[in-house]
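**Student:** One structure follows; several queries about it will come next.
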There are 2 protein chains.
Amino acid sequence: MKRLPERGRIGIFNRSYYEDVLVVKVHPEILDQHQLPPGGRGRKFWEARYDDINELERHLQRNGTVVLKFFLNVSKKEQKRRFLERLDRPDKNWKFSAADVAERACWDQYMEAYEDAIRATSTKHAPWYVVPADDKWFTRAAVAAILTTTIHSLDLKYPEVTDAHRAALAEARQQLESESDH
Amino acid sequence: MKRLPERGRIGIFNRSYYEDVLVVKVHPEILDQHQLPPGGRGRKFWEARYDDINELERHLQRNGTVVLKFFLNVSKKEQKRRFLERLDRPDKNWKFSAADVAERACWDQYMEAYEDAIRATSTKHAPWYVVPADDKWFTRAAVAAILTTTIHSLDLKYPEVTDAHRAALAEARQQLESESDH
């Protein structure tokens with residue numbers, strides 16, 4: 001919420017409030033450090049979070065923000081290849097995190113959490129785009145196509161110039177042209 | 001949203017997002033500068049805003065923030081007295097604003113907007129307290145009573161000291177006591 005772009009601007013979130021229904025769903029013990037009010041961590045708890053997300057996004061949409069959500073779907077096999085590449089190539093070592101490999105053990109739970117979240121928060125006002133992501137060129141082309149199509153659909157225009165503004169432009173031109181060049 | 005206190009902290013808002021259903025409801029022409037998506041400004045528009053507010057406050061309450069809302073109800077007669085005092089007393093002149101007096105002409109519309117908003121957003125999870133405010137001593141006593149009663153009801157406790165922490169405290173005491181005083 002703190003980082004949402006103001007109306008008329010574009011914001012890009014790499015990860016977002018969706019973390020609050022993903023990593024914490026796979027590792028609910030993280031929630032114990034969040035000083036939440038007492039209460040269960042069952043279906044109702046997660047549904048309340050999905051609702052809050054849907055309501056926030058509806059609020060944004062109603063007030064003129066277009067929300068586009070992309071799930072970049074990397075296969076388990078491709079993830080392994082990328083991790084190995086980070087180990088093998090010195091120029092990619094910096095990107096390697098042992099924690100990422102450890103999390104791979106929870107692959108199935110993550111898939112379930114993704115599925116639940118995408119199903120519960122794919123709404124008319126803010127749908128999810130699930131984009132195959134094993135081939136980066138495809139991911140980029142697909143996301144770019146969705147972005148540009150959406151931007152064009154907004155029918156954006158340059159601000160209209162008023163007569164007063166036009167007069168000011170004419171005056172500025174005159175002033176510039178009357179300048180002595182020496 | 002940007003200024004909401006994090007969990008475990010207290011935030012005080014003097015005016016808030018309720019402005020978005022009050023002054024703009026009395027003067028809807030202000031909305032024309034907000035670059036909102038096209039659409040009517042009828043009952044549905046305002047109900048969507050009340051909904052958004054209720055959903056935000058429910059989200060906060062679910063996640064451990066207590067929301068207390070006070071409407072300080074000043075009578076039209078008392079408002080006049082306060083404005084005149086700001087004009088009469090040099091040490092209060094700084095507080096005077098001609099715009100405030102101009103807005104007084106819309107008193108009835110403001111009352112209607114307040115009533116509508118309070119009715120629509122007084123929920124179980126975040127009720128409104130309408131506090132008589134012609135006498136400041138009364139307002140202060142009433143608000144303080146509600147605040148302290150609410151804080152006590154939270155049954156807050158100092159963090160529990162672990163054995164490890166207790167040992168560290170004992171060590172610190174020993175170190176302080178063993179200091180040479182000269």
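Ligands are numbered from 1 in the order shown, residues from 1 within each chain, and chains are lettered A, B, ... in the order they appear in the structure tokens.
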Apply DSSP to the structure's backbone, then extract all residues of segment 24-177 of chain A labelled helix (DSSP H, G or I) and return them as an MDAnalysis selection string.
**Tutor:** chainID A and resid 24:26 28:34 43:62 76:88 90:95 98:121 136:153 163:177
**Student:** Just write the chosen residues, C-alpha atoms, as a JSON list (two decimals), in the first residue's frame.
**Tutor:**
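Contents of the output file part_2.json:
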[["chain", "number", "residue", "atom", "x", "y", "z"],
["A", 24, "VAL", "CA", 3.65, -17.81, 4.79],
["A", 25, "LYS", "CA", 1.11, -20.40, 3.69],
["A", 26, "VAL", "CA", 3.87, -22.91, 3.00],
["A", 28, "PRO", "CA", 2.92, -20.79, 8.61],
["A", 29, "GLU", "CA", 5.43, -20.68, 11.51],
["A", 30, "ILE", "CA", 6.62, -17.36, 10.04],
["A", 31, "LEU", "CA", 3.26, -15.91, 11.07],
["A", 32, "ASP", "CA", 4.09, -16.53, 14.73],
["A", 33, "GLN", "CA", 6.55, -13.64, 14.56],
["A", 34, "HIS", "CA", 3.98, -11.27, 13.07],
["A", 43, "ARG", "CA", -9.28, -21.98, 5.59],
["A", 44, "LYS", "CA", -11.07, -18.92, 7.00],
["A", 45, "PHE", "CA", -7.80, -17.17, 7.78],
["A", 46, "TRP", "CA", -6.55, -17.49, 4.21],
["A", 47, "GLU", "CA", -9.92, -16.64, 2.72],
["A", 48, "ALA", "CA", -9.94, -13.40, 4.69],
["A", 49, "ARG", "CA", -6.55, -12.55, 3.17],
["A", 50, "TYR", "CA", -7.76, -13.35, -0.36],
["A", 51, "ASP", "CA", -10.82, -11.15, 0.30],
["A", 52, "ASP", "CA", -8.65, -8.27, 1.52],
["A", 53, "ILE", "CA", -6.53, -8.52, -1.62],
["A", 54, "ASN", "CA", -9.58, -8.60, -3.89],
["A", 55, "GLU", "CA", -11.11, -5.62, -2.13],
["A", 56, "LEU", "CA", -7.92, -3.59, -2.34],
["A", 57, "GLU", "CA", -7.62, -4.31, -6.05],
["A", 58, "ARG", "CA", -11.26, -3.47, -6.66],
["A", 59, "HIS", "CA", -10.72, -0.19, -4.85],
["A", 60, "LEU", "CA", -7.73, 0.56, -7.07],
["A", 61, "GLN", "CA", -9.61, -0.37, -10.23],
["A", 62, "ARG", "CA", -12.63, 1.74, -9.29],
["A", 76, "LYS", "CA", 10.72, -27.68, -11.79],
["A", 77, "LYS", "CA", 13.16, -28.95, -14.41],
["A", 78, "GLU", "CA", 13.98, -25.45, -15.68],
["A", 79, "GLN", "CA", 14.43, -24.16, -12.14],
["A", 80, "LYS", "CA", 17.05, -26.88, -11.54],
["A", 81, "ARG", "CA", 18.85, -25.86, -14.73],
["A", 82, "ARG", "CA", 18.92, -22.21, -13.68],
["A", 83, "PHE", "CA", 20.20, -23.00, -10.18],
["A", 84, "LEU", "CA", 22.99, -25.18, -11.65],
["A", 85, "GLU", "CA", 23.90, -22.39, -14.04],
["A", 86, "ARG", "CA", 24.24, -20.02, -11.09],
["A", 87, "LEU", "CA", 26.66, -22.49, -9.51],
["A", 88, "ASP", "CA", 28.60, -23.17, -12.70],
["A", 90, "PRO", "CA", 31.16, -17.29, -12.00],
["A", 91, "ASP", "CA", 29.27, -14.28, -13.40],
["A", 92, "LYS", "CA", 26.02, -15.78, -12.06],
["A", 93, "ASN", "CA", 27.33, -16.91, -8.66],
["A", 94, "TRP", "CA", 26.08, -13.72, -7.00],
["A", 95, "LYS", "CA", 22.51, -14.73, -7.81],
["A", 98, "ALA", "CA", 21.26, -21.89, -0.85],
["A", 99, "ALA", "CA", 17.88, -20.93, 0.65],
["A", 100, "ASP", "CA", 16.33, -21.08, -2.84],
["A", 101, "VAL", "CA", 17.52, -24.67, -3.24],
["A", 102, "ALA", "CA", 16.20, -25.59, 0.22],
["A", 103, "GLU", "CA", 12.78, -24.14, -0.71],
["A", 104, "ARG", "CA", 12.72, -26.46, -3.73],
["A", 105, "ALA", "CA", 11.91, -29.28, -1.32],
["A", 106, "CYS", "CA", 8.53, -27.58, -0.78],
["A", 107, "TRP", "CA", 7.79, -27.41, -4.53],
["A", 108, "ASP", "CA", 4.43, -29.18, -4.29],
["A", 109, "GLN", "CA", 3.23, -27.05, -1.37],
["A", 110, "TYR", "CA", 4.20, -23.91, -3.29],
["A", 111, "MET", "CA", 2.31, -25.10, -6.36],
["A", 112, "GLU", "CA", -0.75, -25.67, -4.19],
["A", 113, "ALA", "CA", -0.42, -22.24, -2.57],
["A", 114, "TYR", "CA", -0.02, -20.61, -6.01],
["A", 115, "GLU", "CA", -3.04, -22.46, -7.34],
["A", 116, "ASP", "CA", -5.22, -21.52, -4.36],
["A", 117, "ALA", "CA", -4.16, -17.88, -4.49],
["A", 118, "ILE", "CA", -4.54, -17.52, -8.25],
["A", 119, "ARG", "CA", -7.95, -19.16, -8.17],
["A", 120, "ALA", "CA", -9.18, -16.99, -5.28],
["A", 121, "THR", "CA", -7.83, -13.67, -6.55],
["A", 136, "LYS", "CA", 12.46, -16.03, -21.33],
["A", 137, "TRP", "CA", 11.91, -14.70, -24.84],
["A", 138, "PHE", "CA", 8.35, -16.03, -24.76],
["A", 139, "THR", "CA", 7.62, -14.63, -21.30],
["A", 140, "ARG", "CA", 8.89, -11.22, -22.31],
["A", 141, "ALA", "CA", 6.92, -11.15, -25.55],
["A", 142, "ALA", "CA", 3.72, -12.26, -23.83],
["A", 143, "VAL", "CA", 3.99, -9.78, -20.95],
["A", 144, "ALA", "CA", 4.94, -6.94, -23.31],
["A", 145, "ALA", "CA", 1.94, -7.73, -25.53],
["A", 146, "ILE", "CA", -0.45, -7.65, -22.57],
["A", 147, "LEU", "CA", 1.07, -4.41, -21.28],
["A", 148, "THR", "CA", 0.96, -2.56, -24.59],
["A", 149, "THR", "CA", -2.53, -3.83, -25.46],
["A", 150, "THR", "CA", -3.76, -2.62, -22.07],
["A", 151, "ILE", "CA", -2.10, 0.77, -22.39],
["A", 152, "HIS", "CA", -3.58, 1.27, -25.87],
["A", 153, "SER", "CA", -7.03, 0.29, -24.59],
["A", 163, "ASP", "CA", -6.39, 29.08, -25.90],
["A", 164, "ALA", "CA", -4.57, 30.83, -23.05],
["A", 165, "HIS", "CA", -1.81, 28.26, -23.19],
["A", 166, "ARG", "CA", -1.61, 28.57, -26.98],
["A", 167, "ALA", "CA", -1.23, 32.34, -26.62],
["A", 168, "ALA", "CA", 1.57, 31.80, -24.11],
["A", 169, "LEU", "CA", 3.30, 29.45, -26.56],
["A", 170, "ALA", "CA", 3.07, 32.10, -29.31],
["A", 171, "GLU", "CA", 4.52, 34.71, -27.01],
["A", 172, "ALA", "CA", 7.38, 32.42, -26.01],
["A", 173, "ARG", "CA", 8.16, 31.79, -29.68],
["A", 174, "GLN", "CA", 8.21, 35.50, -30.37],
["A", 175, "GLN", "CA", 10.51, 36.13, -27.45],
["A", 176, "LEU", "CA", 12.93, 33.43, -28.57],
["A", 177, "GLU", "CA", 12.92, 34.65, -32.15]]
**Student:** Taking a cut-off of 6 Å and counting only C-alpha atoms, can you build a table that, for each residue of chain B near chain A, reports the nearest atom pair and how far apart they are in Å (one decimal), sorted by chain then residue number, as CSV?
**Tutor:**
residue,atom,partner,partner_atom,distance
B:Lys2,CA,A:Lys2,CA,4.5
B:Leu36,CA,A:Gly64,CA,5.6
B:Pro37,CA,A:Gly64,CA,5.1
B:Asn63,CA,A:Leu36,CA,5.7
B:Gly64,CA,A:Pro37,CA,5.1
**Student:** Which of segment 5-153 of chain A end up as strand (DSSP E) when DSSP is run on this backbone - answer as a PyMOL selection string?
**Tutor:** chain A and resi 69-73+128-132
**Student:** Atom CA of Glu6 of chain B and atom CA of Val67 of chain B are how many Å apart?
**Tutor:**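 Result for atom CA of Glu6 of chain B versus atom CA of Val67 of chain B: 12.7 Å, one decimal.
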**Student:** Please compute the atom CA of Tyr129 of chain A-atom CA of Phe71 of chain A distance, one decimal, in Å.
**Tutor:**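 So the answer is 6.1 Å.
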**Student:** Take atom CA of Ser75 of chain B and atom CA of Val131 of chain B and report the distance between them in Å, one decimal.
**Tutor:**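 Atom-to-atom, atom CA of Ser75 of chain B to atom CA of Val131 of chain B, that is 11.4 Å.
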**Student:** Using only C-alpha atoms, which of B:Ile12, B:Val74, B:Tyr18, B:Leu68 sits nearest Ala126 of chain B?
**Tutor:** B:Leu68
